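As structure tokens, the structure follows; a few thoughts come after it.
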Amino acid sequence: MQGLRAISIHHHHFPLETIGDFSLAEEALEGTVNKLKQTFGIQEIMYLGTCNRIEFIFTLPHYVCPGFAFEFLKCVQPNVPDEVLRGIAGKVLRFNDEETVEHLFRVASGLDSMIVGEQEIITQLRKAYEACENLKATGDDLRLLIQAAIRVGKEVYTETNLSKKPVSIVSIAWNEFRKKQFPHQSRILCVGAGQIIRNFVKFLGENSYSNVHVVNRSLENAEQVARLAAGKASTLSDLTAQIPAADVLVVCTGSQEYIIQKEHLEMLVDGNSTEKMVIDLALPNNVHPDVLNLPNIDFVDMVSIQKSIHENIAFREESMEDGIRIVDRNKNEFKKMVQSRNVERVMRAIPETIKGIKQTAVELVFKKEIDGLNEETKALVLDIIQYMEKKYISVPMKMAKDVLLEEISKN
């Protein structure tokens with residue numbers, strides 16, 4: 001595992017603004033990785049960028065120290081002042097050799113994620129590698145490392161409880177909605193068109209809820225969101241008209257005032273004995289607090305959701321030890337695999353060397369004697385030499401490989 005390096009700008013040590021400063025746009029990726037390879041003599045390199053981390057994984061003969069990290073990051077982002085960059089370089093996480101393997105296994109397993117156990121990182125890691133592979137920036141060493149990391153990540157997600165309970169706002173809100181088992185023809189009114197509402201409507205569409213209406217200040221944005229569930233859209237001025245027909249009301253806007261007023265809530269339940277649901281995913285709340293005093297309304301807001309998030313994160317963190325054990329076991333297995341591969345690399349020259357010795361013996365050293373033999377005897381001698389060549393390649397190589405691997409395992 002010698003020569004594997006990583007530099008990580010991580011959410012545990014830096015604000016998201018700093019991480020964003022080193023994020024590479026798609027159009028800048030090729031130029032940056034090629035520049036890094038040429039500047040520092042890097043053989044293989046890949047870049048992983050998410051909303052809460054930047055990772056550069058590469059191969060290099062010498063260790064990564066703070067001084068190298070400074071020069072490396074300056075090459076990535078030359079516009080950052082040197083005094084600022086030195087502070088960043090002194091705090092970035094630097095990994096060498098076996099540390100790099102363990103780090104990447106933990107990344108792929110969600111053990112180091114801002115939300116412990118999140119699964120999206122596996123897809124992000126795979127796509128990041130493929131992007132750099134397409135640029136011819138990677139090779140066998142990073143290919144084996146990324147393949148192993150993705151395999152370990154999947155094993156952790158499958159064999160532990162690390163990702164079993166949802167910890168995102170939308171996932172928990174969706175679970176609360178599903179518990180009520182509303183029929184698919186239920187009328188669902190969504191207020192807002194931000195990412196949270198967008199994700200919730202996407203869930204609706206994927207689960208065959210199509211009687212969806214989205215209202216928003218911008219009609220264009222409302223229409224974009226509504227299309228995710230084959231629904232309808234209108235502007236916020238249509239809110240009062242849409243509320244009486246709703247079975248479920250989902251609200252999330254950036255307003256600092258109540259969007260859903262007391263009179264809206266009274267319209268929702270007026271003359272209707274069927275149970276309604278109101279989901280308020282905004283901070284501060286978009287729904288008037290009188291919702292708690294009205295009958296037949298099941299109310300979910302960010303207070304209850306955040307409580308569930310904390311409980312689920314605690315549940316996930318209890319499983320971290322299980323994930324760490326899987327990482328450690330796979331790290332040792334990866335180490336043995338790399339060592340075996342390195343032995344094979346060293347021994348690749350042996351067959352060609354033996355073939356060369358045979359060729360020299362037949363064509364130069366013993367040529368006269370072999371040419372003096374009759375055809376039958378000559379053929380027999382050449383068959384014996386061919387047989388001995390194969391055995392001297394296969395048997396000693398296997399013995400030598402076994403001895404080398406046994407010595408490695410002792411160390």
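Following the order of the structure tokens, chains are lettered A, B, ..., residues in each are numbered from 1, and ligands are numbered from 1.
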
*Do you know which residues are at most 6 Å from Glu55 in chain A counting only C-alpha atoms, after dropping those on the same chain fewer than 5 positions away, and could you put them as a list of chain:residue names?*
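In the requested format, the answer is A:Ile7, A:Ser8, A:Tyr47, A:Leu48.
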
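Those residues that approach Gly67 in chain A to within 9 Å, counting only C-alpha atoms, are Arg86, Ala89 and Gly90 of chain A; same-chain residues fewer than 6 positions away are not listed.
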
Put those residues in a file: N, CA and C atoms, as a PDB file, in the first residue's frame.
ATOM      1  N   ARG A  86      -1.672  28.770   4.128  1.00  0.00           N
ATOM      2  CA  ARG A  86      -0.806  28.052   5.080  1.00  0.00           C
ATOM      3  C   ARG A  86      -1.612  27.555   6.277  1.00  0.00           C
ATOM      4  N   ALA A  89      -3.540  24.552   4.964  1.00  0.00           N
ATOM      5  CA  ALA A  89      -2.647  23.407   4.732  1.00  0.00           C
ATOM      6  C   ALA A  89      -2.221  22.750   6.037  1.00  0.00           C
ATOM      7  N   GLY A  90      -2.124  23.555   7.093  1.00  0.00           N
ATOM      8  CA  GLY A  90      -1.744  22.993   8.384  1.00  0.00           C
ATOM      9  C   GLY A  90      -2.859  22.200   9.047  1.00  0.00           C
TER      10      GLY A  90
END

*Tell me, as a list in words, which residues lie within 8 Å of Glu102 in chain A, counting only C-alpha atoms; anything in the same chain fewer than 5 positions away does not count.*
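In the requested form, the answer reads Val327, Asp328 and Lys331 of chain A.
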
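In this comparison, which uses only C-alpha atoms, the residue of A:Ser218, A:Ser163, A:Gln2, A:Ser304 approaching Glu120 in chain A most closely is A:Ser163.
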
*All residues 10 Å or closer to Glu389 in chain A, only C-alpha atoms, same chain fewer than 4 positions away omitted, as a VMD selection string*: chain A and resid 351 354 to 355 357 to 358 383 to 385 393 to 394

_I want to know what sits within 12 Å of Asn221 in chain A, based on only C-alpha atoms, with residues of the same chain fewer than 6 positions away left out; could you give that as a PyMOL selection string?_
chain A and resi 191-195+197-198+214-215+227-228+232-236

Restricting it to N, CA and C atoms, dump the selection as a PDB file, in the first residue's frame.
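That gives us selection_37.pdb:
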ATOM      1  N   VAL A 191     -47.005  23.695  -0.516  1.00  0.00           N
ATOM      2  CA  VAL A 191     -46.791  25.142  -0.560  1.00  0.00           C
ATOM      3  C   VAL A 191     -45.295  25.408  -0.525  1.00  0.00           C
ATOM      4  N   GLY A 192     -44.768  26.031  -1.579  1.00  0.00           N
ATOM      5  CA  GLY A 192     -43.336  26.263  -1.714  1.00  0.00           C
ATOM      6  C   GLY A 192     -42.786  25.454  -2.868  1.00  0.00           C
ATOM      7  N   ALA A 193     -41.568  25.796  -3.284  1.00  0.00           N
ATOM      8  CA  ALA A 193     -40.953  25.070  -4.404  1.00  0.00           C
ATOM      9  C   ALA A 193     -39.448  24.910  -4.195  1.00  0.00           C
ATOM     10  N   GLY A 194     -39.017  24.984  -2.931  1.00  0.00           N
ATOM     11  CA  GLY A 194     -37.602  24.780  -2.627  1.00  0.00           C
ATOM     12  C   GLY A 194     -37.225  23.307  -2.662  1.00  0.00           C
ATOM     13  N   GLN A 195     -35.978  23.013  -2.271  1.00  0.00           N
ATOM     14  CA  GLN A 195     -35.464  21.650  -2.392  1.00  0.00           C
ATOM     15  C   GLN A 195     -36.231  20.661  -1.531  1.00  0.00           C
ATOM     16  N   ILE A 197     -39.488  20.751  -0.526  1.00  0.00           N
ATOM     17  CA  ILE A 197     -40.766  20.439  -1.181  1.00  0.00           C
ATOM     18  C   ILE A 197     -40.519  19.625  -2.453  1.00  0.00           C
ATOM     19  N   ARG A 198     -39.497  20.001  -3.192  1.00  0.00           N
ATOM     20  CA  ARG A 198     -39.161  19.271  -4.422  1.00  0.00           C
ATOM     21  C   ARG A 198     -38.916  17.790  -4.119  1.00  0.00           C
ATOM     22  N   VAL A 214     -49.207  22.166  -6.459  1.00  0.00           N
ATOM     23  CA  VAL A 214     -48.118  22.958  -5.874  1.00  0.00           C
ATOM     24  C   VAL A 214     -48.425  24.437  -6.066  1.00  0.00           C
ATOM     25  N   VAL A 215     -48.380  25.195  -4.971  1.00  0.00           N
ATOM     26  CA  VAL A 215     -48.524  26.651  -5.072  1.00  0.00           C
ATOM     27  C   VAL A 215     -47.228  27.302  -4.602  1.00  0.00           C
ATOM     28  N   ARG A 227     -44.428  18.836 -11.882  1.00  0.00           N
ATOM     29  CA  ARG A 227     -44.190  17.827 -12.915  1.00  0.00           C
ATOM     30  C   ARG A 227     -43.570  16.553 -12.346  1.00  0.00           C
ATOM     31  N   LEU A 228     -42.914  16.632 -11.197  1.00  0.00           N
ATOM     32  CA  LEU A 228     -42.302  15.452 -10.589  1.00  0.00           C
ATOM     33  C   LEU A 228     -43.343  14.427 -10.168  1.00  0.00           C
ATOM     34  N   LYS A 232     -50.463  19.557 -10.671  1.00  0.00           N
ATOM     35  CA  LYS A 232     -50.818  20.867 -11.186  1.00  0.00           C
ATOM     36  C   LYS A 232     -50.111  21.939 -10.358  1.00  0.00           C
ATOM     37  N   ALA A 233     -50.125  23.160 -10.867  1.00  0.00           N
ATOM     38  CA  ALA A 233     -49.425  24.251 -10.185  1.00  0.00           C
ATOM     39  C   ALA A 233     -50.188  25.549 -10.334  1.00  0.00           C
ATOM     40  N   SER A 234     -50.012  26.429  -9.356  1.00  0.00           N
ATOM     41  CA  SER A 234     -50.571  27.776  -9.433  1.00  0.00           C
ATOM     42  C   SER A 234     -49.754  28.676  -8.511  1.00  0.00           C
ATOM     43  N   THR A 235     -50.060  29.969  -8.558  1.00  0.00           N
ATOM     44  CA  THR A 235     -49.325  30.901  -7.712  1.00  0.00           C
ATOM     45  C   THR A 235     -49.914  30.928  -6.304  1.00  0.00           C
ATOM     46  N   LEU A 236     -49.202  31.592  -5.403  1.00  0.00           N
ATOM     47  CA  LEU A 236     -49.591  31.649  -3.996  1.00  0.00           C
ATOM     48  C   LEU A 236     -50.950  32.334  -3.818  1.00  0.00           C
TER      49      LEU A 236
END

*Got a sec to tell me which of range 85-232 of chain A DSSP assigns to strand (DSSP E), as a PyMOL selection string?*
chain A and resi 93-96+188-191+212-216+232

Give me a file of those residues, with C-alpha atoms, as a PDB file, in the first residue's frame.
ATOM      1  CA  LEU A  93      -6.186  15.821   6.888  1.00  0.00           C
ATOM      2  CA  ARG A  94      -3.180  14.116   5.288  1.00  0.00           C
ATOM      3  CA  PHE A  95      -3.012  10.356   4.780  1.00  0.00           C
ATOM      4  CA  ASN A  96      -0.110   8.152   3.742  1.00  0.00           C
ATOM      5  CA  ILE A 188     -52.121  16.766  -1.578  1.00  0.00           C
ATOM      6  CA  LEU A 189     -51.392  20.481  -1.517  1.00  0.00           C
ATOM      7  CA  CYS A 190     -47.736  21.548  -1.350  1.00  0.00           C
ATOM      8  CA  VAL A 191     -46.791  25.142  -0.560  1.00  0.00           C
ATOM      9  CA  VAL A 212     -50.817  16.868  -6.256  1.00  0.00           C
ATOM     10  CA  HIS A 213     -51.111  20.635  -6.450  1.00  0.00           C
ATOM     11  CA  VAL A 214     -48.118  22.958  -5.874  1.00  0.00           C
ATOM     12  CA  VAL A 215     -48.524  26.651  -5.072  1.00  0.00           C
ATOM     13  CA  ASN A 216     -45.608  29.046  -4.985  1.00  0.00           C
ATOM     14  CA  LYS A 232     -50.818  20.867 -11.186  1.00  0.00           C
TER      15      LYS A 232
END

_What's around Asn52 in chain A at 10 Å? Count only C-alpha atoms, leave out sequence neighbours fewer than 6 positions away in its own chain, and write the answer as a list in words._
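Near neighbours after the sequence-gap exclusion: Ile9, His10, His11, His12, Phe14, Pro15, Leu16, Glu17, Thr18, Ile19, Gly20, Ser113 and Met114 of chain A.
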
*Using DSSP on the backbone coordinates, identify the residues of range 172-361 of chain A assigned to helix (DSSP H, G or I); present them as a PyMOL selection string.*
chain A and resi 172-179+195-206+219-229+236-245+262-269+289-293+302-318+320-347+349-361

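Of the listed residues A:Ala131, A:Ile313, A:Ala222, A:Val287, the one whose atoms come nearest to Lys165 in chain A is A:Ile313, with distances taken using only C-alpha atoms.
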
*What is the CA of Gly87 in chain A to CA of Asp21 in chain A distance in Å?*
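Between these atoms lies a distance of 14.2 Å.
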
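One distance worth recording is that between CA of Glu317 in chain A and CA of Leu162 in chain A, which is 7.0 Å.
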
*At what distance in Å, to one decimal, does CA of Ile45 in chain A lie from CA of Thr138 in chain A?*
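It comes out at 5.5 Å.
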
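For the residues A:Gln43, A:Asn312, A:Gln119, A:Asn207, ranking by smallest atom-to-atom distance to Gly153 in chain A using only C-alpha atoms places A:Gln119 first.
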